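Peer 1: Supplied in structure tokens, the structure appears directly below.
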Amino acid sequence: MCGPRDGYGDGDEVLLTARWDVEVQAVTPTLDVPGRVTEHGLVELVEALGDTVADGEDVWAALTRACSALPETELAERMLELILLQPPIPAYCEALVAAMHDPAHAPWRTHEVPSDRVALWTAHRILHGALPDRFPPPTIIRVDLRVHSGDASARAPGHRASPRDRTAFAARLLAARPGHNPMSGHGQDIEWAFDALWAIEIEDSSASRCVSAWIQPDLIGDMAQGATWSADIA
């Protein structure tokens, strides 16, 4: 399993003209996406729902109380108004949250606006944490890759690189995988990459490093631990 990012070296630009050998270290179901659900954000949500977090109180307990006090229609409207950049009309907010009761058709998997899917996942993750008996877990996939290039001039983005560069690098690695791969052909599309890869962490800044990506399960295809391939990135 790859560890947390702790890269060194400049790694500030992606200027790659090399072949990268890739091996899948792990494909792990997870309920966590780095940076998406924070304690500060949960406190703000409790307050937006008309409650407060008492001194020393567990924030999830406060959120459970706040969510339980509202009808689902009002809960849906208030939550999506806070989480989505452009929240829909109240009736559609209610429909989106109602769809979260069905894991196979949750809106973060099927919504017609791809850029909204990670926000809808965040809403579902919060609702599951607050009301686990009503909302099933919105499980996604963490993929850990070990990548290596034999080209001494090859560079990959380090932890100081921009999110765009890290995401583009990971997308090109993943899109190159043969077999049943829903990501195939999308590696050069940075807008698609941001919609599909919800977080990227990269360890090391040498020619061999670990790349971790958090991805919707629908995009994994037949990827499995131990799979290997090569990606030519220029």
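Each chain in the structure tokens gets a letter, A, B and so on, in the order shown; residues start at 1 in every chain, and ligands are counted from 1 in the order they appear.
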Write out as a Markdown table a residue-level contact list of stretch 51-110 of chain A versus stretch 136-143 of chain A with cut-off 12 Å: for each qualifying residue the closest pair of atoms and the distance in Å to one decimal, counting only C-alpha atoms, rows sorted by chain and residue number upward.

Peer 2:
```
| residue | atom | partner | partner_atom | distance |
| --- | --- | --- | --- | --- |
| A:Val97 | CA | A:Pro136 | CA | 11.8 |
| A:Ala98 | CA | A:Pro136 | CA | 11.6 |
| A:Ala99 | CA | A:Pro136 | CA | 10.9 |
| A:Met100 | CA | A:Pro136 | CA | 7.7 |
| A:His101 | CA | A:Pro136 | CA | 6.4 |
| A:Asp102 | CA | A:Pro136 | CA | 7.6 |
| A:Pro103 | CA | A:Pro136 | CA | 6.6 |
| A:Ala104 | CA | A:Pro138 | CA | 9.6 |
| A:His105 | CA | A:Pro138 | CA | 10.7 |
| A:Ala106 | CA | A:Pro138 | CA | 8.1 |
| A:Pro107 | CA | A:Pro138 | CA | 10.4 |
| A:Trp108 | CA | A:Pro138 | CA | 8.8 |
| A:Arg109 | CA | A:Pro138 | CA | 9.6 |
```

Peer 1: Keeping all heavy atoms, export the residues of the selection given above as a short mmCIF file (atom, residue, chain, number, x, y, z; two decimals), in the first residue's frame.

Peer 2:
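Result went into again.cif, see below:
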```cif
data_model
loop_
_atom_site.label_atom_id
_atom_site.label_comp_id
_atom_site.auth_asym_id
_atom_site.auth_seq_id
_atom_site.Cartn_x
_atom_site.Cartn_y
_atom_site.Cartn_z
N VAL A 97 -31.43 13.83 -3.36
CA VAL A 97 -31.17 13.20 -2.07
C VAL A 97 -31.94 11.89 -1.95
O VAL A 97 -31.43 10.88 -1.43
CB VAL A 97 -31.49 14.16 -0.91
CG1 VAL A 97 -31.49 13.44 0.43
CG2 VAL A 97 -30.47 15.31 -0.90
N ALA A 98 -33.17 11.85 -2.46
CA ALA A 98 -33.94 10.60 -2.43
C ALA A 98 -33.22 9.50 -3.21
O ALA A 98 -33.24 8.32 -2.81
CB ALA A 98 -35.33 10.83 -3.00
N ALA A 99 -32.55 9.86 -4.31
CA ALA A 99 -31.83 8.87 -5.11
C ALA A 99 -30.64 8.29 -4.36
O ALA A 99 -30.15 7.21 -4.72
CB ALA A 99 -31.38 9.50 -6.42
N MET A 100 -30.16 8.97 -3.34
CA MET A 100 -29.01 8.48 -2.57
C MET A 100 -29.37 7.26 -1.73
O MET A 100 -28.48 6.59 -1.19
CB MET A 100 -28.45 9.59 -1.69
CG MET A 100 -27.84 10.74 -2.47
SD MET A 100 -27.29 12.11 -1.41
CE MET A 100 -26.89 13.36 -2.66
N HIS A 101 -30.66 6.95 -1.60
CA HIS A 101 -31.05 5.74 -0.88
C HIS A 101 -30.73 4.47 -1.68
O HIS A 101 -30.72 3.37 -1.12
CB HIS A 101 -32.55 5.77 -0.57
CG HIS A 101 -32.95 6.84 0.40
ND1 HIS A 101 -32.56 6.85 1.72
CD2 HIS A 101 -33.70 7.97 0.24
CE1 HIS A 101 -33.05 7.91 2.34
NE2 HIS A 101 -33.75 8.60 1.46
N ASP A 102 -30.45 4.61 -2.97
CA ASP A 102 -30.17 3.47 -3.85
C ASP A 102 -28.71 3.56 -4.30
O ASP A 102 -28.39 4.37 -5.17
CB ASP A 102 -31.09 3.49 -5.06
CG ASP A 102 -30.84 2.32 -6.01
OD1 ASP A 102 -29.91 1.52 -5.76
OD2 ASP A 102 -31.56 2.22 -7.01
N PRO A 103 -27.80 2.77 -3.73
CA PRO A 103 -26.37 2.90 -4.06
C PRO A 103 -26.07 2.77 -5.55
O PRO A 103 -25.17 3.44 -6.06
CB PRO A 103 -25.72 1.76 -3.26
CG PRO A 103 -26.69 1.44 -2.17
CD PRO A 103 -28.05 1.71 -2.73
N ALA A 104 -26.81 1.93 -6.25
CA ALA A 104 -26.51 1.69 -7.67
C ALA A 104 -26.88 2.88 -8.54
O ALA A 104 -26.33 3.03 -9.64
CB ALA A 104 -27.25 0.44 -8.15
N HIS A 105 -27.81 3.72 -8.08
CA HIS A 105 -28.26 4.84 -8.90
C HIS A 105 -28.08 6.17 -8.18
O HIS A 105 -28.77 7.15 -8.48
CB HIS A 105 -29.73 4.64 -9.30
CG HIS A 105 -29.95 3.42 -10.12
ND1 HIS A 105 -30.35 2.22 -9.56
CD2 HIS A 105 -29.81 3.19 -11.45
CE1 HIS A 105 -30.45 1.31 -10.52
NE2 HIS A 105 -30.13 1.87 -11.67
N ALA A 106 -27.15 6.21 -7.24
CA ALA A 106 -26.88 7.46 -6.53
C ALA A 106 -26.45 8.53 -7.53
O ALA A 106 -25.73 8.23 -8.50
CB ALA A 106 -25.79 7.24 -5.49
N PRO A 107 -26.86 9.78 -7.35
CA PRO A 107 -26.58 10.80 -8.35
C PRO A 107 -25.10 11.10 -8.57
O PRO A 107 -24.73 11.56 -9.65
CB PRO A 107 -27.33 12.03 -7.81
CG PRO A 107 -27.54 11.77 -6.38
CD PRO A 107 -27.69 10.28 -6.25
N TRP A 108 -24.25 10.81 -7.58
CA TRP A 108 -22.82 11.03 -7.81
C TRP A 108 -22.25 10.02 -8.80
O TRP A 108 -21.14 10.19 -9.28
CB TRP A 108 -22.06 11.01 -6.49
CG TRP A 108 -22.26 9.80 -5.64
CD1 TRP A 108 -23.19 9.64 -4.65
CD2 TRP A 108 -21.52 8.58 -5.68
NE1 TRP A 108 -23.07 8.39 -4.09
CE2 TRP A 108 -22.05 7.72 -4.69
CE3 TRP A 108 -20.44 8.13 -6.46
CZ2 TRP A 108 -21.55 6.45 -4.46
CZ3 TRP A 108 -19.94 6.85 -6.23
CH2 TRP A 108 -20.50 6.03 -5.23
N ARG A 109 -23.03 8.99 -9.13
CA ARG A 109 -22.61 8.04 -10.15
C ARG A 109 -23.24 8.34 -11.50
O ARG A 109 -22.68 7.98 -12.55
CB ARG A 109 -22.99 6.61 -9.73
CG ARG A 109 -22.39 6.17 -8.42
CD ARG A 109 -22.76 4.76 -8.06
NE ARG A 109 -22.02 3.79 -8.85
CZ ARG A 109 -21.84 2.52 -8.48
NH1 ARG A 109 -22.38 2.09 -7.36
NH2 ARG A 109 -21.16 1.69 -9.24
#
```

Peer 1: Using DSSP assignments from the backbone, pull out every residue in stretch 97-184 of chain A that falls under strand (DSSP E or B) and give it to me as a ChimeraX atom specification.

Peer 2: /A:140-148

Peer 1: Keeping only C-alpha atoms, write those residues as a compact mmCIF listing (two decimals), in the first residue's frame.

Peer 2:
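So again00.txt came out as:
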```txt
# COMPACT_ATOMS: atom_id res chain seq x y z
CA ILE A 140 -15.67 4.70 -4.07
CA ILE A 141 -12.26 3.25 -4.97
CA ARG A 142 -8.72 4.21 -4.01
CA VAL A 143 -6.14 2.98 -6.52
CA ASP A 144 -2.46 2.87 -5.55
CA LEU A 145 0.06 2.66 -8.37
CA ARG A 146 3.82 2.20 -8.31
CA VAL A 147 5.31 3.90 -11.36
CA HIS A 148 8.88 3.88 -12.64
```

Peer 1: To one decimal place, how far is atom CA of A:Asp195 from atom CA of A:Ala213 in Å?

Peer 2: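 These two atoms are separated by 12.4 Å.
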
Peer 1: Quick one: everything within 9 Å of stretch 118-133 of chain A, counting only C-alpha atoms, minus sequence neighbours fewer than 2 positions away in the same chain. Send it as number ranges by chain.

Peer 2: A: 31-33, 36-37, 42, 60-68, 79-80, 83-85, 96-97, 100, 106-109, 111, 114-116, 135-139, 195-196, 198

Peer 1: Could you take the residues named above and write them with N, CA, C and O atoms, as a compact mmCIF listing (two decimals), in the first residue's frame?

Peer 2:
```txt
# COMPACT_ATOMS: atom_id res chain seq x y z
N LEU A 31 -14.45 5.11 1.97
CA LEU A 31 -15.46 6.15 2.18
C LEU A 31 -14.83 7.51 2.38
O LEU A 31 -15.53 8.46 2.72
N ASP A 32 -13.54 7.61 2.17
CA ASP A 32 -12.84 8.87 2.42
C ASP A 32 -12.17 9.38 1.16
O ASP A 32 -11.51 8.62 0.45
N VAL A 33 -12.34 10.67 0.89
CA VAL A 33 -11.62 11.37 -0.17
C VAL A 33 -10.89 12.52 0.50
O VAL A 33 -11.52 13.34 1.17
N ARG A 36 -12.28 16.35 1.37
CA ARG A 36 -13.68 16.57 0.98
C ARG A 36 -14.62 16.74 2.18
O ARG A 36 -15.59 17.48 2.09
N VAL A 37 -14.37 16.04 3.27
CA VAL A 37 -15.23 16.15 4.45
C VAL A 37 -14.33 16.53 5.62
O VAL A 37 -13.55 15.71 6.10
N LEU A 42 -18.09 20.49 8.54
CA LEU A 42 -19.23 19.88 9.22
C LEU A 42 -19.84 20.83 10.25
O LEU A 42 -21.06 20.89 10.40
N TRP A 60 -20.12 14.85 14.61
CA TRP A 60 -21.04 13.94 13.93
C TRP A 60 -22.31 13.76 14.74
O TRP A 60 -23.41 13.63 14.18
N ALA A 61 -22.19 13.74 16.07
CA ALA A 61 -23.39 13.63 16.91
C ALA A 61 -24.27 14.86 16.72
O ALA A 61 -25.51 14.76 16.64
N ALA A 62 -23.64 16.04 16.66
CA ALA A 62 -24.41 17.26 16.43
C ALA A 62 -25.06 17.24 15.06
O ALA A 62 -26.22 17.69 14.90
N LEU A 63 -24.35 16.74 14.07
CA LEU A 63 -24.91 16.68 12.71
C LEU A 63 -26.08 15.70 12.65
O LEU A 63 -27.09 15.97 11.98
N THR A 64 -25.97 14.57 13.33
CA THR A 64 -27.08 13.62 13.39
C THR A 64 -28.32 14.28 13.97
O THR A 64 -29.43 14.13 13.45
N ARG A 65 -28.13 15.03 15.04
CA ARG A 65 -29.26 15.72 15.67
C ARG A 65 -29.88 16.75 14.72
O ARG A 65 -31.10 16.82 14.56
N ALA A 66 -29.01 17.53 14.05
CA ALA A 66 -29.49 18.57 13.15
C ALA A 66 -30.24 17.98 11.95
O ALA A 66 -31.29 18.48 11.55
N CYS A 67 -29.70 16.89 11.39
CA CYS A 67 -30.34 16.27 10.23
C CYS A 67 -31.66 15.60 10.62
O CYS A 67 -32.64 15.65 9.87
N SER A 68 -31.68 14.97 11.79
CA SER A 68 -32.88 14.26 12.23
C SER A 68 -34.03 15.21 12.53
O SER A 68 -35.21 14.79 12.47
N MET A 79 -28.89 21.33 2.50
CA MET A 79 -27.57 20.74 2.31
C MET A 79 -27.01 21.02 0.92
O MET A 79 -25.86 21.43 0.75
N LEU A 80 -27.84 20.83 -0.11
CA LEU A 80 -27.33 21.04 -1.47
C LEU A 80 -27.11 22.51 -1.77
O LEU A 80 -26.26 22.86 -2.60
N ILE A 83 -23.57 22.86 -0.48
CA ILE A 83 -22.51 22.05 -1.08
C ILE A 83 -22.34 22.28 -2.57
O ILE A 83 -21.22 22.28 -3.09
N LEU A 84 -23.44 22.47 -3.31
CA LEU A 84 -23.35 22.67 -4.76
C LEU A 84 -23.12 24.14 -5.10
O LEU A 84 -23.71 25.03 -4.47
N LEU A 85 -22.30 24.40 -6.09
CA LEU A 85 -22.07 25.78 -6.52
C LEU A 85 -23.33 26.38 -7.12
O LEU A 85 -23.61 27.57 -6.93
N LEU A 96 -32.67 14.44 -5.81
CA LEU A 96 -31.27 14.01 -5.76
C LEU A 96 -30.97 13.28 -4.46
O LEU A 96 -30.32 12.23 -4.45
N VAL A 97 -31.43 13.83 -3.36
CA VAL A 97 -31.17 13.20 -2.07
C VAL A 97 -31.94 11.89 -1.95
O VAL A 97 -31.43 10.88 -1.43
N MET A 100 -30.16 8.97 -3.34
CA MET A 100 -29.01 8.48 -2.57
C MET A 100 -29.37 7.26 -1.73
O MET A 100 -28.48 6.59 -1.19
N ALA A 106 -27.15 6.21 -7.24
CA ALA A 106 -26.88 7.46 -6.53
C ALA A 106 -26.45 8.53 -7.53
O ALA A 106 -25.73 8.23 -8.50
N PRO A 107 -26.86 9.78 -7.35
CA PRO A 107 -26.58 10.80 -8.35
C PRO A 107 -25.10 11.10 -8.57
O PRO A 107 -24.73 11.56 -9.65
N TRP A 108 -24.25 10.81 -7.58
CA TRP A 108 -22.82 11.03 -7.81
C TRP A 108 -22.25 10.02 -8.80
O TRP A 108 -21.14 10.19 -9.28
N ARG A 109 -23.03 8.99 -9.13
CA ARG A 109 -22.61 8.04 -10.15
C ARG A 109 -23.24 8.34 -11.50
O ARG A 109 -22.68 7.98 -12.55
N HIS A 111 -25.25 11.49 -12.33
CA HIS A 111 -25.72 12.84 -12.63
C HIS A 111 -25.20 13.33 -13.98
O HIS A 111 -24.04 13.11 -14.34
N PRO A 114 -21.16 16.12 -14.93
CA PRO A 114 -20.05 15.42 -14.27
C PRO A 114 -19.35 16.24 -13.19
O PRO A 114 -18.91 15.69 -12.18
N SER A 115 -19.26 17.55 -13.40
CA SER A 115 -18.55 18.39 -12.44
C SER A 115 -19.27 18.48 -11.09
O SER A 115 -18.68 18.89 -10.10
N ASP A 116 -20.55 18.10 -11.05
CA ASP A 116 -21.30 18.12 -9.80
C ASP A 116 -21.20 16.79 -9.03
O ASP A 116 -21.62 16.72 -7.87
N PHE A 135 -29.18 6.23 4.88
CA PHE A 135 -28.39 6.43 3.67
C PHE A 135 -27.24 5.43 3.65
O PHE A 135 -26.39 5.45 4.53
N PRO A 136 -27.17 4.57 2.63
CA PRO A 136 -26.11 3.56 2.55
C PRO A 136 -24.76 4.22 2.27
O PRO A 136 -24.69 5.37 1.84
N PRO A 137 -23.67 3.50 2.51
CA PRO A 137 -22.35 4.09 2.30
C PRO A 137 -22.06 4.37 0.83
O PRO A 137 -22.28 3.50 -0.02
N PRO A 138 -21.59 5.58 0.49
CA PRO A 138 -21.24 5.90 -0.90
C PRO A 138 -19.78 5.48 -1.19
O PRO A 138 -18.87 6.29 -1.27
N THR A 139 -19.60 4.20 -1.37
CA THR A 139 -18.25 3.65 -1.50
C THR A 139 -17.64 3.99 -2.86
O THR A 139 -18.27 3.78 -3.90
N ASP A 195 -13.05 15.71 -13.34
CA ASP A 195 -14.36 15.17 -12.99
C ASP A 195 -14.27 13.71 -12.54
O ASP A 195 -15.07 13.27 -11.72
N ALA A 196 -13.31 12.97 -13.08
CA ALA A 196 -13.22 11.53 -12.82
C ALA A 196 -12.33 11.19 -11.63
O ALA A 196 -12.61 10.23 -10.90
N TRP A 198 -11.03 12.27 -8.19
CA TRP A 198 -11.49 13.22 -7.18
C TRP A 198 -10.40 13.64 -6.21
O TRP A 198 -10.56 14.63 -5.49
```

Peer 1: Find the residues near A:Glu201: any atom within 12 Å, counting only C-alpha atoms, skip ones fewer than 6 places away on the same chain, and give them as a ChimeraX atom specification.

Peer 2: /A:2-7,33-35,142-145,157-163,165-167,169-170,209-214

Peer 1: Just asking: which residues within stretch 7-163 of chain A are helix (DSSP H, G or I) according to DSSP, as JSON, numbers by chain?

Peer 2: {"A": [39, 40, 41, 42, 43, 44, 45, 46, 47, 48, 59, 60, 61, 62, 63, 64, 65, 66, 67, 68, 72, 73, 74, 75, 76, 77, 78, 79, 80, 81, 82, 83, 90, 91, 92, 93, 94, 95, 96, 97, 98, 99, 103, 104, 105, 107, 108, 109, 110, 114, 115, 116, 117, 118, 119, 120, 121, 122, 123, 124, 125, 126, 127, 128, 129, 130, 163]}

Peer 1: For those residues, write C-alpha atoms to a file as a JSON list (two decimals), in the first residue's frame.

Peer 2:
```
[["chain", "number", "residue", "atom", "x", "y", "z"],
["A", 39, "GLU", "CA", -14.50, 19.02, 10.71],
["A", 40, "HIS", "CA", -14.67, 22.74, 9.98],
["A", 41, "GLY", "CA", -17.05, 22.11, 7.07],
["A", 42, "LEU", "CA", -19.23, 19.88, 9.22],
["A", 43, "VAL", "CA", -19.50, 22.56, 11.91],
["A", 44, "GLU", "CA", -20.60, 25.07, 9.24],
["A", 45, "LEU", "CA", -23.18, 22.58, 7.98],
["A", 46, "VAL", "CA", -24.61, 22.00, 11.47],
["A", 47, "GLU", "CA", -25.05, 25.76, 11.83],
["A", 48, "ALA", "CA", -26.61, 26.05, 8.36],
["A", 59, "VAL", "CA", -19.44, 17.04, 15.48],
["A", 60, "TRP", "CA", -21.04, 13.94, 13.93],
["A", 61, "ALA", "CA", -23.39, 13.63, 16.91],
["A", 62, "ALA", "CA", -24.41, 17.26, 16.43],
["A", 63, "LEU", "CA", -24.91, 16.68, 12.71],
["A", 64, "THR", "CA", -27.08, 13.62, 13.39],
["A", 65, "ARG", "CA", -29.26, 15.72, 15.67],
["A", 66, "ALA", "CA", -29.49, 18.57, 13.15],
["A", 67, "CYS", "CA", -30.34, 16.27, 10.23],
["A", 68, "SER", "CA", -32.88, 14.26, 12.23],
["A", 72, "GLU", "CA", -35.96, 15.16, 4.20],
["A", 73, "THR", "CA", -37.29, 17.78, 1.77],
["A", 74, "GLU", "CA", -35.90, 20.66, 3.82],
["A", 75, "LEU", "CA", -32.73, 18.77, 4.67],
["A", 76, "ALA", "CA", -32.04, 18.15, 0.98],
["A", 77, "GLU", "CA", -32.58, 21.77, 0.03],
["A", 78, "ARG", "CA", -30.40, 23.22, 2.77],
["A", 79, "MET", "CA", -27.57, 20.74, 2.31],
["A", 80, "LEU", "CA", -27.33, 21.04, -1.47],
["A", 81, "GLU", "CA", -27.58, 24.82, -1.29],
["A", 82, "LEU", "CA", -24.41, 24.76, 0.80],
["A", 83, "ILE", "CA", -22.51, 22.05, -1.08],
["A", 90, "PRO", "CA", -35.99, 22.55, -4.15],
["A", 91, "ALA", "CA", -37.95, 19.75, -5.81],
["A", 92, "TYR", "CA", -34.86, 18.55, -7.66],
["A", 93, "CYS", "CA", -32.76, 18.81, -4.49],
["A", 94, "GLU", "CA", -35.28, 16.46, -2.89],
["A", 95, "ALA", "CA", -35.08, 14.08, -5.87],
["A", 96, "LEU", "CA", -31.27, 14.01, -5.76],
["A", 97, "VAL", "CA", -31.17, 13.20, -2.07],
["A", 98, "ALA", "CA", -33.94, 10.60, -2.43],
["A", 99, "ALA", "CA", -31.83, 8.87, -5.11],
["A", 103, "PRO", "CA", -26.37, 2.90, -4.06],
["A", 104, "ALA", "CA", -26.51, 1.69, -7.67],
["A", 105, "HIS", "CA", -28.26, 4.84, -8.90],
["A", 107, "PRO", "CA", -26.58, 10.80, -8.35],
["A", 108, "TRP", "CA", -22.82, 11.03, -7.81],
["A", 109, "ARG", "CA", -22.61, 8.04, -10.15],
["A", 110, "THR", "CA", -25.19, 9.07, -12.74],
["A", 114, "PRO", "CA", -20.05, 15.42, -14.27],
["A", 115, "SER", "CA", -18.55, 18.39, -12.44],
["A", 116, "ASP", "CA", -21.30, 18.12, -9.80],
["A", 117, "ARG", "CA", -20.70, 14.45, -9.03],
["A", 118, "VAL", "CA", -17.97, 14.88, -6.42],
["A", 119, "ALA", "CA", -20.09, 17.46, -4.57],
["A", 120, "LEU", "CA", -23.06, 15.09, -4.65],
["A", 121, "TRP", "CA", -20.80, 12.34, -3.33],
["A", 122, "THR", "CA", -19.76, 14.68, -0.51],
["A", 123, "ALA", "CA", -23.41, 15.29, 0.37],
["A", 124, "HIS", "CA", -24.09, 11.54, 0.33],
["A", 125, "ARG", "CA", -21.01, 10.85, 2.48],
["A", 126, "ILE", "CA", -22.18, 13.39, 5.06],
["A", 127, "LEU", "CA", -25.73, 12.03, 5.09],
["A", 128, "HIS", "CA", -24.42, 8.50, 5.55],
["A", 129, "GLY", "CA", -22.21, 9.64, 8.43],
["A", 130, "ALA", "CA", -25.11, 11.42, 10.12],
["A", 163, "PRO", "CA", -3.44, 19.94, -8.82]]
```

Peer 1: Please measure the separation of atom CA of A:Arg155 and atom CA of A:Ile233, giving the value in Å to one decimal.

Peer 2: 10.4 Å

Peer 1: Please measure the separation of atom CA of A:Asp51 and atom CA of A:Pro71, giving the value in Å to one decimal.

Peer 2: 14.6 Å

Peer 1: Looking at A:Ala69, A:Ser153, A:Thr30, A:Arg134, which one is nearest to A:Leu49, with distances taken over only C-alpha atoms?

Peer 2: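 Smallest distance to A:Leu49 is found for A:Ala69.
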
Peer 1: For each of A:Ile89, A:Leu174, A:Ala54, A:Ala231, take the minimum atom-to-atom distance to A:Ser149, counting only C-alpha atoms, then give the residue where this is smallest.

Peer 2: A:Ala231

Peer 1: So which residues touch A:Thr228 within 12 Å, counting only C-alpha atoms, skipping near sequence neighbours fewer than 4 positions away, as a list in words?

Peer 2: Trp20, Asp21, Val22, Glu23, Val24, Gln25, Ala26, Leu145, Arg146, Val147, His148, Leu173, Leu174, Ala176, Arg177, Pro178, Gly179, Met223 and Ala224 of chain A
